[in-house]
Amino acid sequence: MKKKLDLECTQEGFANGVAPGFPLNDQEKSDMIEQATKAYGKFLDALKCDWRNDPNSNDTPRRVAKAYVNDLWAGRYTAMSPITSFPSDGYDGIVIERNIPLTSMCSHHHQTIGGVVHIGYITSEKGTVVGLSKLNRIVEHFGRRGAIQEQLTTAIHQAVDKICEDNLGVIITIVATHNCVSCRGIKHKGAAMVTTKASGVFRHNGNDARQEFFNSLKINNGGHQI
């Protein structure tokens, strides 16, 4: 069955929330790109960049505007397709999807955040399970915005918790590197940030379900160790 749920947990208009009027139609997106193109051109002017006469930069304002609307911040403007969930048919074990690719953007400096998301939940016998690819869609929907990793972890957790009805617990772990750390400030490359949000049976350290989740991440885990 397909469900349309309100999965948002952040104030409308914030970088990690939806834009006013969400979802935007094609014309509204086109108008936004036009306005952002002009604004970014002025931004480059303020930085004393002769972008108009530079053959490598003379279309940069439009490229940047399109990238934000269609890719980098797409989750603020474009609705996610309805979520498909199914009866668990008595299954009451743990469900884990590991290594979901994450591309996001730091809302502080507008630098990229890249890494992986691990999602686990336990359904009740009368609960629901979600189509596997929909977990990836949830990550994309909330990742393609401005955010800080702590907020992003919470947003994904709350969405999965709502969609997987009557679950016994949800746990989300994100392992990511931040370009704002590697290219500015301290300029340290390779430092990774780990955030975890857990509820239900995953909440307490030493819990068997929590241990099973973290143990699973150590098995053929693509180099990302917890």
# chains A, B, ... in the order shown; residues from 1 in each chain; ligands from 1
>>> residues_around(residues="Gln149 of chain A", least_positions_apart="4", cutoff="12 Å", atoms="only C-alpha atoms", output="PyMOL selection string")
chain A and resi 16+102-108+112-117+142-143+145+153-156+172-178+192-197
>>> select_by_dssp(residues="segment 1-129 of chain A", states="strand (DSSP E or B)", output="PyMOL selection string")
chain A and resi 2-3+83-87+94-106+112-123+128-129
>>> write_last_selection(atoms="N, CA and C atoms", output="mmCIF file, in the first residue's frame")
data_model
loop_
_atom_site.group_PDB
_atom_site.id
_atom_site.type_symbol
_atom_site.label_atom_id
_atom_site.label_comp_id
_atom_site.auth_asym_id
_atom_site.auth_seq_id
_atom_site.Cartn_x
_atom_site.Cartn_y
_atom_site.Cartn_z
ATOM 1 N N LYS A 2 0.416 2.286 -0.659
ATOM 2 C CA LYS A 2 1.189 3.516 -0.752
ATOM 3 C C LYS A 2 0.613 4.549 0.196
ATOM 4 N N LYS A 3 1.497 5.216 0.920
ATOM 5 C CA LYS A 3 1.073 6.175 1.918
ATOM 6 C C LYS A 3 1.701 7.535 1.637
ATOM 7 N N ILE A 83 5.390 6.442 -0.493
ATOM 8 C CA ILE A 83 6.119 5.324 0.079
ATOM 9 C C ILE A 83 5.277 4.051 0.012
ATOM 10 N N THR A 84 5.874 2.969 -0.438
ATOM 11 C CA THR A 84 5.212 1.676 -0.481
ATOM 12 C C THR A 84 5.608 0.862 0.744
ATOM 13 N N SER A 85 4.601 0.407 1.484
ATOM 14 C CA SER A 85 4.868 -0.462 2.631
ATOM 15 C C SER A 85 3.986 -1.707 2.527
ATOM 16 N N PHE A 86 4.391 -2.757 3.201
ATOM 17 C CA PHE A 86 3.716 -4.044 3.098
ATOM 18 C C PHE A 86 3.547 -4.647 4.477
ATOM 19 N N PRO A 87 2.525 -5.463 4.667
ATOM 20 C CA PRO A 87 2.397 -6.177 5.942
ATOM 21 C C PRO A 87 3.613 -7.050 6.192
ATOM 22 N N ILE A 94 14.972 -8.058 12.789
ATOM 23 C CA ILE A 94 15.598 -6.801 12.425
ATOM 24 C C ILE A 94 15.731 -6.694 10.900
ATOM 25 N N VAL A 95 15.529 -5.492 10.381
ATOM 26 C CA VAL A 95 15.733 -5.186 8.958
ATOM 27 C C VAL A 95 16.824 -4.125 8.886
ATOM 28 N N ILE A 96 17.860 -4.378 8.114
ATOM 29 C CA ILE A 96 18.987 -3.446 8.014
ATOM 30 C C ILE A 96 19.318 -3.194 6.554
ATOM 31 N N GLU A 97 19.468 -1.936 6.197
ATOM 32 C CA GLU A 97 20.074 -1.581 4.908
ATOM 33 C C GLU A 97 21.305 -0.743 5.211
ATOM 34 N N ARG A 98 22.447 -1.202 4.701
ATOM 35 C CA ARG A 98 23.723 -0.553 4.982
ATOM 36 C C ARG A 98 24.234 0.191 3.761
ATOM 37 N N ASN A 99 25.144 1.111 4.027
ATOM 38 C CA ASN A 99 25.921 1.761 2.962
ATOM 39 C C ASN A 99 25.059 2.473 1.920
ATOM 40 N N ILE A 100 24.000 3.114 2.369
ATOM 41 C CA ILE A 100 23.203 3.933 1.459
ATOM 42 C C ILE A 100 24.002 5.195 1.156
ATOM 43 N N PRO A 101 24.312 5.491 -0.094
ATOM 44 C CA PRO A 101 25.139 6.661 -0.405
ATOM 45 C C PRO A 101 24.466 7.960 0.028
ATOM 46 N N LEU A 102 25.254 8.843 0.590
ATOM 47 C CA LEU A 102 24.755 10.143 1.032
ATOM 48 C C LEU A 102 25.538 11.257 0.366
ATOM 49 N N THR A 103 24.823 12.174 -0.267
ATOM 50 C CA THR A 103 25.391 13.424 -0.745
ATOM 51 C C THR A 103 24.545 14.539 -0.177
ATOM 52 N N SER A 104 25.158 15.410 0.610
ATOM 53 C CA SER A 104 24.416 16.494 1.227
ATOM 54 C C SER A 104 25.279 17.744 1.230
ATOM 55 N N MET A 105 24.816 18.765 1.936
ATOM 56 C CA MET A 105 25.525 20.043 1.944
ATOM 57 C C MET A 105 25.445 20.666 3.335
ATOM 58 N N CYS A 106 26.565 21.110 3.833
ATOM 59 C CA CYS A 106 26.615 21.795 5.116
ATOM 60 C C CYS A 106 25.879 23.139 5.011
ATOM 61 N N THR A 112 30.167 20.381 0.579
ATOM 62 C CA THR A 112 29.552 19.062 0.474
ATOM 63 C C THR A 112 29.809 18.200 1.715
ATOM 64 N N ILE A 113 28.831 17.347 1.984
ATOM 65 C CA ILE A 113 28.926 16.282 2.972
ATOM 66 C C ILE A 113 28.726 14.980 2.210
ATOM 67 N N GLY A 114 29.635 14.040 2.367
ATOM 68 C CA GLY A 114 29.527 12.778 1.637
ATOM 69 C C GLY A 114 29.829 11.600 2.529
ATOM 70 N N GLY A 115 29.070 10.539 2.380
ATOM 71 C CA GLY A 115 29.320 9.354 3.197
ATOM 72 C C GLY A 115 28.275 8.294 2.966
ATOM 73 N N VAL A 116 27.947 7.567 4.034
ATOM 74 C CA VAL A 116 26.960 6.490 3.935
ATOM 75 C C VAL A 116 26.011 6.572 5.122
ATOM 76 N N VAL A 117 24.812 6.038 4.894
ATOM 77 C CA VAL A 117 23.785 5.952 5.927
ATOM 78 C C VAL A 117 23.445 4.482 6.143
ATOM 79 N N HIS A 118 23.361 4.076 7.408
ATOM 80 C CA HIS A 118 22.935 2.726 7.758
ATOM 81 C C HIS A 118 21.598 2.843 8.486
ATOM 82 N N ILE A 119 20.619 2.058 8.060
ATOM 83 C CA ILE A 119 19.276 2.121 8.633
ATOM 84 C C ILE A 119 18.879 0.742 9.142
ATOM 85 N N GLY A 120 18.348 0.703 10.348
ATOM 86 C CA GLY A 120 17.822 -0.535 10.900
ATOM 87 C C GLY A 120 16.491 -0.292 11.585
ATOM 88 N N TYR A 121 15.593 -1.262 11.507
ATOM 89 C CA TYR A 121 14.345 -1.181 12.265
ATOM 90 C C TYR A 121 13.841 -2.588 12.541
ATOM 91 N N ILE A 122 13.009 -2.696 13.551
ATOM 92 C CA ILE A 122 12.387 -3.979 13.884
ATOM 93 C C ILE A 122 10.882 -3.805 13.795
ATOM 94 N N THR A 123 10.260 -4.610 12.954
ATOM 95 C CA THR A 123 8.819 -4.538 12.805
ATOM 96 C C THR A 123 8.141 -5.474 13.793
ATOM 97 N N THR A 128 4.383 -3.077 9.617
ATOM 98 C CA THR A 128 4.653 -3.006 8.188
ATOM 99 C C THR A 128 6.149 -2.930 7.939
ATOM 100 N N VAL A 129 6.521 -3.386 6.748
ATOM 101 C CA VAL A 129 7.882 -3.211 6.265
ATOM 102 C C VAL A 129 7.820 -2.311 5.037
#
>>> atom_distance(atom1="atom CA of Asp45 of chain A", atom2="atom CA of Asp59 of chain A")
13.6 Å
>>> closest_residue(among="A:Glu125, A:Gly41, A:Cys49, A:Arg144", to="Ala74 of chain A", atoms="only C-alpha atoms")
A:Arg144
>>> residues_around(residues="segment 24-29 of chain A", least_positions_apart="5", cutoff="7 Å", atoms="only C-alpha atoms", output="JSON, numbers by chain")
{"A": [69, 77, 78]}
>>> select_by_dssp(residues="segment 43-216 of chain A", states="alpha helix (DSSP H)", output="JSON, numbers by chain")
{"A": [43, 44, 45, 46, 60, 61, 62, 63, 64, 65, 66, 67, 132, 133, 134, 135, 136, 137, 138, 139, 140, 141, 142, 143, 149, 150, 151, 152, 153, 154, 155, 156, 157, 158, 159, 160, 161, 162, 163, 179, 180, 181, 182, 208, 209, 210, 211, 212, 213, 214, 215, 216]}
>>> residues_around(residues="Glu212 of chain A", least_positions_apart="2", cutoff="12 Å", atoms="only C-alpha atoms", output="PyMOL selection string")
chain A and resi 93-96+120-122+171+201-202+205-210+214-219
>>> residues_around(residues="Lys189 of chain A", least_positions_apart="5", cutoff="10 Å", atoms="only C-alpha atoms", output="list in words")
Thr177, His178, Asn179, Cys180, Val181, Ser182 and Cys183 of chain A
